[in-house]
Each structure stands twice: as structure tokens, then as C-alpha cells.
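S.K.: Got a file for you: data20.tsv, TSV, C-alpha atoms.
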chain	number	residue	atom	x	y	z
A	189	MET	CA	113.13	102.66	43.73
A	190	ILE	CA	114.40	106.10	44.40
A	191	ALA	CA	111.34	106.68	46.63
A	192	ALA	CA	112.02	103.51	48.67
A	193	ALA	CA	115.67	104.45	48.94
A	194	GLY	CA	114.62	107.93	50.02
A	195	LEU	CA	112.35	106.48	52.70
A	196	LEU	CA	115.20	104.34	54.00
A	197	VAL	CA	117.62	107.28	53.94
A	198	GLY	CA	115.09	109.40	55.86
A	199	ILE	CA	114.59	106.73	58.50
A	200	VAL	CA	118.32	106.23	58.95
A	201	ALA	CA	118.87	109.97	59.14
A	202	GLY	CA	116.15	110.28	61.77
A	203	VAL	CA	117.64	107.44	63.80
A	204	LEU	CA	121.16	108.81	63.57
A	205	LEU	CA	120.41	112.47	64.12
A	206	HIS	CA	117.47	112.13	66.51
A	207	PRO	CA	116.63	115.81	66.31
A	208	GLU	CA	114.39	117.74	68.66
A	209	VAL	CA	111.03	118.66	67.18
A	210	PRO	CA	110.56	122.42	67.52
A	211	VAL	CA	107.79	123.23	69.95
A	212	PHE	CA	105.65	125.09	67.42
A	213	LEU	CA	105.75	122.05	65.10
A	214	GLN	CA	104.94	119.46	67.75
A	215	PRO	CA	101.14	119.42	67.37
A	216	TYR	CA	101.30	119.33	63.54
A	217	LEU	CA	104.07	116.86	62.78
A	218	PRO	CA	102.04	113.72	63.56
A	219	ILE	CA	99.13	114.89	61.43
A	220	ALA	CA	101.47	115.89	58.60
A	221	VAL	CA	103.13	112.47	58.78
A	222	VAL	CA	99.80	110.70	58.52
A	223	ALA	CA	98.78	112.92	55.60
A	224	ALA	CA	102.05	112.21	53.80
A	225	LEU	CA	101.54	108.51	54.41
A	226	ASP	CA	98.15	108.84	52.77
A	227	ALA	CA	99.78	110.56	49.79
A	228	VAL	CA	102.34	107.76	49.49
A	229	PHE	CA	99.65	105.08	49.52
A	230	GLY	CA	97.70	107.09	46.95
A	231	GLY	CA	100.82	107.27	44.80
A	232	VAL	CA	101.39	103.52	44.93
A	233	ARG	CA	97.76	102.97	44.03
A	234	ALA	CA	98.10	105.38	41.11
A	235	VAL	CA	101.14	103.45	39.90
A	236	LEU	CA	99.12	100.25	39.92
A	237	ASP	CA	96.21	101.99	38.23
A	238	GLY	CA	98.61	103.13	35.57
A	239	ILE	CA	97.75	106.75	36.11
A	240	PHE	CA	100.72	107.72	38.25
A	241	ASP	CA	102.06	111.15	37.59
A	242	GLU	CA	105.08	112.29	39.53
A	243	ARG	CA	104.07	115.91	39.50
A	244	VAL	CA	100.70	115.03	40.93
A	245	PHE	CA	102.36	112.89	43.57
A	246	VAL	CA	104.67	115.68	44.69
A	247	VAL	CA	101.91	118.24	44.81
A	248	SER	CA	99.47	115.96	46.59
A	249	PHE	CA	102.13	114.93	49.08
A	250	LEU	CA	102.98	118.51	49.98
A	251	SER	CA	99.41	119.81	49.91
A	252	ASN	CA	98.16	116.88	52.01
A	253	ALA	CA	100.73	117.53	54.70
A	254	VAL	CA	100.25	121.29	54.65
A	255	VAL	CA	96.45	121.14	54.61
A	256	ALA	CA	96.35	118.61	57.42
A	257	ALA	CA	98.66	120.76	59.51
A	258	LEU	CA	96.61	123.83	58.64
A	259	ILE	CA	93.38	122.17	59.71
A	260	VAL	CA	94.89	121.23	63.05
A	261	TYR	CA	96.30	124.73	63.44
A	262	LEU	CA	92.88	126.21	62.71
A	263	GLY	CA	91.33	123.80	65.18
A	264	ASP	CA	93.82	124.89	67.83
A	265	GLN	CA	92.92	128.49	67.21
A	266	LEU	CA	89.22	127.68	67.45
A	267	GLY	CA	89.68	125.65	70.60
A	268	VAL	CA	88.71	122.34	69.00
A	269	GLY	CA	92.26	121.27	68.12
A	270	SER	CA	92.13	117.82	69.65
A	271	GLN	CA	88.72	116.98	68.16
A	272	LEU	CA	89.72	118.27	64.74
A	273	SER	CA	93.01	116.40	64.71
A	274	THR	CA	91.09	113.26	65.66
A	275	GLY	CA	88.76	113.92	62.73
A	276	VAL	CA	91.66	114.47	60.34
A	277	VAL	CA	93.34	111.28	61.50
A	278	VAL	CA	90.10	109.35	61.03
A	279	VAL	CA	89.59	110.70	57.51
A	280	LEU	CA	93.19	110.04	56.51
A	281	GLY	CA	93.02	106.62	58.10
A	282	VAL	CA	89.96	105.75	56.06
A	283	ARG	CA	91.70	106.93	52.90
A	284	ILE	CA	94.83	104.96	53.72
A	285	PHE	CA	92.75	101.85	54.28
A	286	SER	CA	90.86	102.24	51.00
A	287	ASN	CA	94.13	102.90	49.11
A	288	ALA	CA	95.70	99.87	50.75
A	289	ALA	CA	92.66	97.80	49.80
A	290	ALA	CA	92.95	98.92	46.18
A	291	ILE	CA	96.67	98.11	46.15
A	292	ARG	CA	95.93	94.71	47.61
A	293	ARG	CA	93.34	93.99	44.95
A	294	HIS	CA	95.75	94.98	42.23
A	295	LEU	CA	98.61	92.92	43.52
A	296	PHE	CA	96.83	89.87	44.89
A	297	LYS	CA	93.54	90.03	43.02
A	298	ALA	CA	91.80	89.63	46.30
B	233	MET	CA	86.91	92.14	42.84
B	234	SER	CA	86.15	92.07	39.21
B	235	GLY	CA	84.64	88.67	39.58
B	236	ALA	CA	87.56	86.57	38.46
B	237	PRO	CA	87.40	83.43	40.59
B	238	GLY	CA	90.40	81.30	41.34
B	239	PRO	CA	94.02	82.22	41.53
B	240	ARG	CA	95.54	83.64	38.42
B	241	PRO	CA	99.13	82.62	37.85
B	242	PRO	CA	101.37	85.64	37.94
B	243	GLY	CA	102.67	86.64	34.60
B	244	ALA	CA	99.66	85.31	32.77
B	245	ARG	CA	99.09	88.76	31.26
B	246	PRO	CA	102.58	90.16	31.40
B	247	ALA	CA	101.74	93.40	29.69
B	248	ASP	CA	99.08	94.34	32.23
B	249	SER	CA	100.54	92.74	35.36
B	250	PRO	CA	100.47	95.14	38.30
B	251	TRP	CA	103.71	93.67	39.56
B	252	ARG	CA	105.44	94.53	36.30
B	253	ARG	CA	103.88	97.94	36.37
B	254	LEU	CA	105.19	98.41	39.90
B	255	ARG	CA	108.62	97.25	38.86
B	256	ARG	CA	108.62	99.58	35.94
B	257	ALA	CA	107.64	102.47	38.16
B	258	ALA	CA	110.31	101.54	40.66
B	259	ARG	CA	113.01	101.46	38.00
B	260	PRO	CA	115.35	104.32	38.88
B	261	ARG	CA	115.09	107.15	36.47
B	262	ALA	CA	116.92	110.35	37.12
B	263	THR	CA	114.04	112.60	36.36
B	264	ARG	CA	113.52	115.62	38.51
B	265	ALA	CA	110.09	114.40	39.65
B	266	GLN	CA	111.53	111.04	40.69
B	267	LEU	CA	114.20	112.75	42.73
B	268	LEU	CA	111.64	115.02	44.28
B	269	ALA	CA	109.45	112.04	45.19
B	270	GLY	CA	112.48	110.35	46.72
B	271	LEU	CA	113.21	113.48	48.67
B	272	LEU	CA	109.63	113.65	49.92
B	273	CYS	CA	109.73	110.01	50.95
B	274	ALA	CA	112.96	110.70	52.77
B	275	ALA	CA	111.21	113.56	54.52
B	276	LEU	CA	108.34	111.21	55.39
B	277	GLY	CA	110.65	108.58	56.84
B	278	PHE	CA	112.51	111.25	58.75
B	279	GLY	CA	109.26	112.70	60.05
B	280	VAL	CA	107.95	109.29	61.13
B	281	VAL	CA	111.09	108.45	63.03
B	282	VAL	CA	111.26	111.86	64.64
B	283	GLN	CA	107.64	111.71	65.66
B	284	VAL	CA	108.00	108.21	67.09
B	285	ARG	CA	110.98	109.33	69.14
B	286	GLN	CA	109.14	112.42	70.23
B	287	THR	CA	106.18	110.32	71.35
B	288	ASP	CA	108.52	107.99	73.22
B	289	LEU	CA	109.85	110.81	75.32
B	290	ALA	CA	106.57	112.69	75.29
B	291	GLY	CA	106.52	115.27	77.99
B	292	LEU	CA	103.48	116.96	79.43
B	293	ALA	CA	103.43	119.41	76.53
B	294	ASP	CA	102.05	116.79	74.13
B	295	LEU	CA	99.23	115.62	76.34
B	296	ARG	CA	95.58	116.49	75.92
B	297	GLU	CA	93.78	118.71	78.33
B	298	SER	CA	91.83	115.84	79.89
B	299	ASP	CA	95.01	113.85	80.40
B	300	LEU	CA	96.63	116.89	81.94
B	301	VAL	CA	93.68	117.34	84.28
B	302	ARG	CA	93.86	113.71	85.28
B	303	ILE	CA	97.61	113.91	85.87
B	304	LEU	CA	97.13	117.10	87.84
B	305	ASP	CA	94.48	115.40	89.94
B	306	ASP	CA	96.72	112.42	90.52
B	307	THR	CA	99.61	114.64	91.46
B	308	GLY	CA	97.47	116.71	93.77
B	309	GLU	CA	96.08	113.61	95.44
B	310	ARG	CA	99.54	112.19	95.82
B	311	GLY	CA	100.74	115.47	97.25
B	312	ASP	CA	97.88	115.46	99.72
B	313	ARG	CA	98.69	111.93	100.76
B	314	LEU	CA	102.34	112.76	101.22
B	315	ALA	CA	101.49	115.90	103.19
B	316	GLU	CA	99.23	113.83	105.42
B	317	GLU	CA	102.05	111.36	105.90
B	318	VAL	CA	104.42	114.19	106.74
B	319	ARG	CA	101.98	115.50	109.33
B	320	GLU	CA	101.60	112.07	110.85
B	321	LEU	CA	105.33	111.50	111.02
B	322	GLU	CA	105.89	114.92	112.53
B	323	ARG	CA	103.26	114.19	115.15
B	324	THR	CA	104.91	110.88	115.95
B	325	ARG	CA	108.26	112.57	116.12
B	326	SER	CA	107.07	115.27	118.49
B	327	GLU	CA	105.36	112.60	120.58
B	328	LEU	CA	108.57	110.65	120.77
B	329	THR	CA	110.57	113.75	121.63
B	330	ALA	CA	108.09	114.77	124.31
B	331	GLY	CA	108.07	111.16	125.49
B	332	SER	CA	111.80	111.10	126.04
B	333	ASP	CA	111.53	114.49	127.77
B	334	SER	CA	108.80	113.30	130.10
B	335	ALA	CA	110.66	110.04	130.68
B	336	GLU	CA	113.68	112.09	131.75
B	337	ALA	CA	111.51	114.21	134.00
B	338	ALA	CA	109.93	111.07	135.42
B	339	ALA	CA	113.37	109.62	136.06
B	340	ARG	CA	114.44	112.82	137.84
B	341	ALA	CA	111.26	112.85	139.90
B	342	ALA	CA	111.70	109.18	140.73
B	343	GLU	CA	115.27	109.82	141.82
B	344	GLN	CA	114.16	112.72	143.98
B	345	ARG	CA	111.42	110.61	145.49
B	346	ALA	CA	113.84	107.77	146.12
B	347	LEU	CA	116.04	110.19	148.08
B	348	GLU	CA	113.09	111.43	150.12
B	349	LEU	CA	111.91	107.91	150.80
B	350	GLY	CA	115.48	106.98	151.66
B	351	LEU	CA	115.44	109.69	154.34
B	352	LEU	CA	112.22	108.27	155.75
B	353	ALA	CA	113.42	104.69	155.55
B	354	GLY	CA	116.78	105.61	156.99
B	355	THR	CA	118.81	104.32	154.09
B	356	VAL	CA	120.53	107.64	153.34
B	357	PRO	CA	122.30	109.95	155.78
B	358	ALA	CA	120.47	113.14	156.68
B	359	ALA	CA	121.79	116.53	157.63
B	360	GLY	CA	120.13	119.82	158.48
B	361	PRO	CA	119.00	122.03	161.31
B	362	GLY	CA	117.86	120.21	164.41
B	363	ILE	CA	118.77	119.35	167.98
B	364	THR	CA	121.13	117.10	169.79
B	365	ALA	CA	119.64	115.84	173.03
B	366	THR	CA	121.74	114.13	175.63
B	367	ILE	CA	120.12	112.05	178.38
B	368	ALA	CA	122.29	111.54	181.40
B	369	ASP	CA	120.89	108.63	183.36
B	370	PRO	CA	123.07	108.02	186.41
B	371	ALA	CA	120.34	105.98	188.11
B	372	GLY	CA	119.82	103.72	185.12
B	373	GLU	CA	116.07	104.12	185.39
B	374	VAL	CA	115.34	105.29	181.87
B	375	GLY	CA	113.66	102.48	179.97
B	376	ALA	CA	112.12	101.72	176.65
B	377	ALA	CA	108.85	103.50	177.52
B	378	ALA	CA	110.70	106.76	178.02
B	379	PHE	CA	112.35	106.42	174.64
B	380	VAL	CA	109.06	105.59	172.96
B	381	SER	CA	107.43	108.69	174.38
B	382	LEU	CA	110.55	110.73	173.50
B	383	VAL	CA	110.45	109.55	169.88
B	384	GLN	CA	106.68	110.10	169.72
B	385	GLU	CA	107.09	113.61	171.00
B	386	LEU	CA	109.84	114.35	168.49
B	387	ARG	CA	107.81	112.97	165.63
B	388	ASP	CA	104.84	114.97	166.75
B	389	ALA	CA	107.05	118.05	166.60
B	390	GLY	CA	107.97	117.30	163.00
B	391	ALA	CA	111.23	115.41	163.34
B	392	GLU	CA	112.35	114.17	159.97
B	393	ALA	CA	115.30	112.00	160.90
B	394	ILE	CA	116.14	110.58	164.32
B	395	GLN	CA	119.15	108.74	165.53
B	396	VAL	CA	119.50	107.26	169.02
B	397	GLY	CA	123.07	106.43	169.80
B	398	ASP	CA	124.28	104.71	166.66
B	399	VAL	CA	120.85	103.48	165.62
B	400	ARG	CA	118.66	105.19	163.08
B	401	VAL	CA	115.06	105.38	164.22
B	402	VAL	CA	112.67	104.38	161.46
B	403	ALA	CA	109.11	103.13	161.26
B	404	SER	CA	110.05	99.61	162.29
B	405	THR	CA	112.41	100.57	165.10
B	406	ALA	CA	111.61	98.81	168.38
B	407	PHE	CA	112.73	99.81	171.87
B	408	GLU	CA	113.13	97.05	174.43
B	409	GLU	CA	114.28	96.93	178.01
B	410	ALA	CA	117.79	95.65	178.45
B	411	PRO	CA	117.78	91.96	179.37
B	412	ALA	CA	117.62	91.54	183.11
B	413	GLY	CA	121.01	90.75	184.43
B	414	ALA	CA	123.54	91.79	187.00
B	415	GLY	CA	124.35	95.44	186.66
B	416	THR	CA	123.06	95.92	183.12
B	417	THR	CA	121.46	99.22	182.35
B	418	GLY	CA	120.27	100.70	179.13
B	419	VAL	CA	117.80	99.95	176.38
B	420	VAL	CA	117.95	97.72	173.34
B	421	VAL	CA	117.16	99.60	170.15
B	422	ASP	CA	116.66	97.40	167.13
B	423	GLY	CA	118.63	94.68	168.82
B	424	GLU	CA	121.53	96.94	169.80
B	425	LEU	CA	122.22	97.61	173.44
B	426	LEU	CA	122.68	101.29	174.24
B	427	THR	CA	124.00	102.48	177.55
B	428	PRO	CA	123.75	105.92	179.15
B	429	PRO	CA	124.40	108.66	178.51
B	430	TYR	CA	122.20	108.48	175.49
B	431	GLU	CA	122.67	110.87	172.61
B	432	VAL	CA	119.67	111.58	170.41
B	433	ARG	CA	120.20	113.52	167.19
B	434	VAL	CA	117.17	114.89	165.45
B	435	VAL	CA	116.78	116.79	162.17
B	436	GLY	CA	113.79	119.11	162.14
B	437	ASP	CA	112.80	122.61	163.11
B	438	PRO	CA	115.12	123.22	166.15
B	439	GLN	CA	112.81	125.59	168.03
B	440	THR	CA	109.75	123.37	167.65
B	441	LEU	CA	111.69	120.29	168.70
B	442	ALA	CA	113.23	121.95	171.73
B	443	THR	CA	109.89	123.36	172.79
B	444	ALA	CA	108.19	120.01	172.34
B	445	LEU	CA	110.55	118.40	174.81
B	446	ASP	CA	110.01	121.19	177.36
B	447	ILE	CA	106.23	121.18	177.59
B	448	PRO	CA	104.83	120.65	181.09
B	449	GLY	CA	104.25	117.00	181.84
B	450	GLY	CA	106.34	116.18	178.80
B	451	VAL	CA	109.52	114.25	178.18
B	452	ARG	CA	111.81	116.44	180.24
B	453	GLU	CA	109.60	116.20	183.31
B	454	SER	CA	109.12	112.45	183.06
B	455	LEU	CA	112.86	111.95	182.68
B	456	ARG	CA	113.51	114.14	185.68
B	457	GLN	CA	111.10	112.02	187.69
B	458	LEU	CA	113.21	109.01	186.73
B	459	GLY	CA	116.30	110.82	187.97
B	460	ALA	CA	117.65	111.50	184.50
B	461	GLU	CA	118.75	114.81	183.08
B	462	LEU	CA	117.91	115.94	179.54
B	463	SER	CA	120.06	118.59	177.90
B	464	VAL	CA	119.12	119.94	174.50
B	465	GLU	CA	121.40	121.73	172.11
B	466	THR	CA	119.96	123.33	168.99
B	467	SER	CA	122.10	123.58	165.89
B	468	GLN	CA	121.82	124.58	162.26
B	469	GLU	CA	123.78	121.54	161.20
B	470	VAL	CA	122.91	118.22	162.75
B	471	ARG	CA	124.10	115.09	161.02
B	472	VAL	CA	122.09	111.91	161.26
B	473	SER	CA	124.60	109.58	159.75
B	474	ALA	CA	123.49	106.20	161.09
B	475	LEU	CA	121.84	104.04	158.44
B	476	HIS	CA	119.09	101.51	158.69
B	477	ALA	CA	119.62	98.29	156.80
B	478	VAL	CA	116.47	97.53	154.90
B	479	SER	CA	115.59	93.90	154.47
B	480	PRO	CA	113.05	92.99	151.84
B	481	PRO	CA	109.62	92.35	153.30
B	482	GLN	CA	108.88	88.68	153.76
B	483	TYR	CA	105.08	88.76	153.94
B	484	ALA	CA	103.84	92.14	152.85
B	485	ARG	CA	103.21	92.66	149.14
B	486	PRO	CA	102.09	95.85	147.50
B	487	ALA	CA	98.34	95.49	146.98
B	488	SER	CA	96.73	96.84	143.86
B	489	PRO	CA	94.59	99.93	144.39
B	490	GLY	CA	91.52	98.03	143.20
B	491	ALA	CA	91.94	95.33	145.84
B	492	THR	CA	92.35	98.02	148.48
B	493	ALA	CA	89.16	99.69	147.40
B	494	GLY	CA	87.37	96.35	147.41
B	495	SER	CA	88.46	95.45	150.91
B	496	GLU	CA	87.53	98.83	152.31
If you took the structure in this file and wrote it as C-alpha cells, what would it be?

M.R.:
Amino acid sequence: MIAAAGLLVGIVAGVLLHPEVPVFLQPYLPIAVVAALDAVFGGVRAVLDGIFDERVFVVSFLSNAVVAALIVYLGDQLGVGSQLSTGVVVVLGVRIFSNAAAIRRHLFKA
Amino acid sequence: MSGAPGPRPPGARPADSPWRRLRRAARPRATRAQLLAGLLCAALGFGVVVQVRQTDLAGLADLRESDLVRILDDTGERGDRLAEEVRELERTRSELTAGSDSAEAAARAAEQRALELGLLAGTVPAAGPGITATIADPAGEVGAAAFVSLVQELRDAGAEAIQVGDVRVVASTAFEEAPAGAGTTGVVVDGELLTPPYEVRVVGDPQTLATALDIPGGVRESLRQLGAELSVETSQEVRVSALHAVSPPQYARPASPGATAGSE
């Protein structure tokens, strides 16, 4: 509940403030957002599995975002930034889909 | 998934129901981890919105290299096209400017030519160096033939404008004998009867004209044989002010150069 409220608060804040993304963050923010989304889906799945641990959720959320951003940063330094970010997005997308499928099975038994 | 066919009514196993589990997890508890998770979710929502807005107003900085290359190509092509258009328009403009210039020049030339042709056709007054010849004809013997040879001689000497009496002599001017009648003397020039003494004003090189009239066997001698006296006065300013009224040609039409060539 607090998480959903937090999500709503964040969205409203973003809409109201519409801040500029700093230039050095611009390549990494989308990847970090996708990684955090993956962490959120993983958390919901863990809740349904009955193994949710808030500490794990917080750590995985932060580490997911940071690692994803780091990978893209590394890719930029190596000159394969766009390919690597595509790869990261694909991997995270696959994970999000599998998490969503697990959630769906839990909730709808289908 | 686990091979349970058919819909299972919700709440059949309340203790294990995922919905209940979800509800239980969602129940607000003021633990530090819950707050932290809420904070992270807020950050996520914030990040999503910010990123979506950023993508909406994405500038060139967010584009991939290949997109940038394509955009650069497009821009370059567009620039080339516009530059080509600019060149074309400039060419048209200079053509138009030159066109109006040459049209002006053509108009000036045409005006000049109209004046020159007007001198030849006798429609404009002429002035310049020339001679004034006076023919005293007490015997009344001077006829049209004498005037024809006089005009021929003057033209041969380069006369540019001739006036006999009050009549301008042009290409179509005709000299006739005065109609035979009691006591009439003189010549009819273009239908106008002139009587002696005749005054002939000529614009041209004065020396050449005067000399032309004096040559042996020339105009002066023939006039003397007729009993007439020719006196010539050269001047730097002779005015030929009589005008010839031009009537539009009734039969003659300008022929196209091609037709001329064909008939020749």
C-alpha cells in the first residue's frame, strides 16, 4: 500500500515538477527505470510466493538500477553503449515478462 | 500451471489465497523497510515520468549515431536542395534585372531610331549645317525636270533633309509641271503649287552640297540655260521645318524576311 502510494506520489511529483534530466544521467535513466521496474515486478512475485523480504526488495531495487546503469556506462566507455543497452533492455524485458507471467499464474491460476 | 483444471472460486483456500497474501502485504505497516520500499517506488514513478517527458522533447543528444548520421544526411541534402533553389532564383533574378535593363536600352535605341527615321520620312523638323539655295526664275522656264535633277544632285551629295518652298522632300515626293493655263508659272510639289523664286533648304555637308551644284554641266549650268539664276548660301544652321504628313500605306505590307528570301 505504501509502495503503491509512493509510486503515485512519484508520478505526481514528476508531472508537477517536470525537472530537467542532467546531461550525464540521460543515457542511464531509461535503463535504470527499466531495471527498477524489473525489481518491482520481482517484489510483487515474491509477495505472491510468500517469500517477500523488504530488505531484499530494497537492495535488489537499488542494485538492479545501479548495475544496469553501470553496464551501460561501461558499454559507452567501450564504444558499444547502444548495443549493450539494447542487450540490458532485452534481458530485463525477459525477466519482467517471466515475473509478470508468474504473478498472473498466482492471481488468476492461468 | 500446476495442472488444476477449471476455475477455482476465489476464497476457496483462504489461508493460501494469493489475493489475501497480496492484501496482507499491501497493508500499511510503518516499518522502515516498508517506507524505504515506498520511497523507492516513488523514485521509480518519478523516474518514469521524467524519462517519458525527456523522450517527448528528445533533442539530438539522445539519438543514436545511425539516427544522427541519417538526420545529418537529410539536413545536408535539404541544404543542398535549398542552395540549388537559391542559385536558380538568383539566376532568374539577374536575368530579370538584365532583361529590364536591355528592355530599357532597346526602348532608347528604338526611340533614337524613330527620330532618325522621322528625319528621313520628314515627320520631324531637322536642323544643322547646310545650304539655302534660291532659284530666281524670271522667265518661268524652270520645270519639274530641273527640280528632279536638283534634288537628285543634292541627294547624291549627301543631303539629309530637303525642303522646297514649304514642302518637305521625302521619298514619295513628286514634282509636276504647273497645270497649263494663262500666265501660270511654277511647279507642283506634292500637290502644292510653288512659284518663283524658289527657296531650297538643305541639311548636309555645306561644302559638298555647294560644290555638287557647281559642277560643270550640273544644276547651275542647266538652270542658267533656262534663264534662271541659282544662288547658294552656306550656313552652319539651316532649319528644315516643313513636315511631311505620313499616311498609312494602303497596299504595301511589311513582308517577312523568309518570304523575301523565297521570292528572290

S.K.: Per residue of chain A within 6 Å of chain B, note the shortest atom pair and the distance in Å to one decimal, counting all atoms listed in the file, and order the rows by chain and increasing residue number, as a Markdown table.

M.R.:
| residue | atom | partner | partner_atom | distance |
| --- | --- | --- | --- | --- |
| A:Met189 | CA | B:Ala258 | CA | 4.3 |
| A:Ile190 | CA | B:Gly270 | CA | 5.2 |
| A:Ala191 | CA | B:Gly270 | CA | 3.8 |
| A:Gly194 | CA | B:Ala274 | CA | 4.2 |
| A:Leu195 | CA | B:Ala274 | CA | 4.3 |
| A:Val197 | CA | B:Ala274 | CA | 5.9 |
| A:Gly198 | CA | B:Ala274 | CA | 4.0 |
| A:Ile199 | CA | B:Gly277 | CA | 4.7 |
| A:Gly202 | CA | B:Phe278 | CA | 4.8 |
| A:Leu236 | CA | B:Pro250 | CA | 5.5 |
| A:Glu242 | CA | B:Ala265 | CA | 5.4 |
| A:Leu295 | CA | B:Pro250 | CA | 6.0 |

S.K.: Just want the 10 Å neighbourhood of Ala371 in chain B, counted on only C-alpha atoms, with same-chain residues fewer than 4 positions away dropped. Output as a PyMOL selection string.

M.R.: chain B and resi 417+428+458-460

S.K.: Between B:Ser381, B:Thr324, B:Ser463, B:Ser479, which has the minimum distance to Ile367 in chain B (counting only C-alpha atoms)?

M.R.: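 Among the listed residues, B:Ser463 lies closest to Ile367 in chain B.
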
S.K.: List the spatial neighbours of Gly362 in chain B as JSON, numbers by chain - criterion: any atom at most 9 Å away, all atoms listed in the file, same-chain residues fewer than 3 positions off excluded.

M.R.: {"B": [359, 391, 433, 434, 435, 436, 437, 438, 439, 441, 442, 465, 466, 467, 468, 469, 470, 471]}

S.K.: With all atoms listed in the file as the atoms that count, which of A:Ala290, A:Ala223, A:Ala192, A:Val203 lies nearest to Val255 in chain A?

M.R.: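 Counting all atoms listed in the file, the residue closest to Val255 in chain A is A:Ala223.
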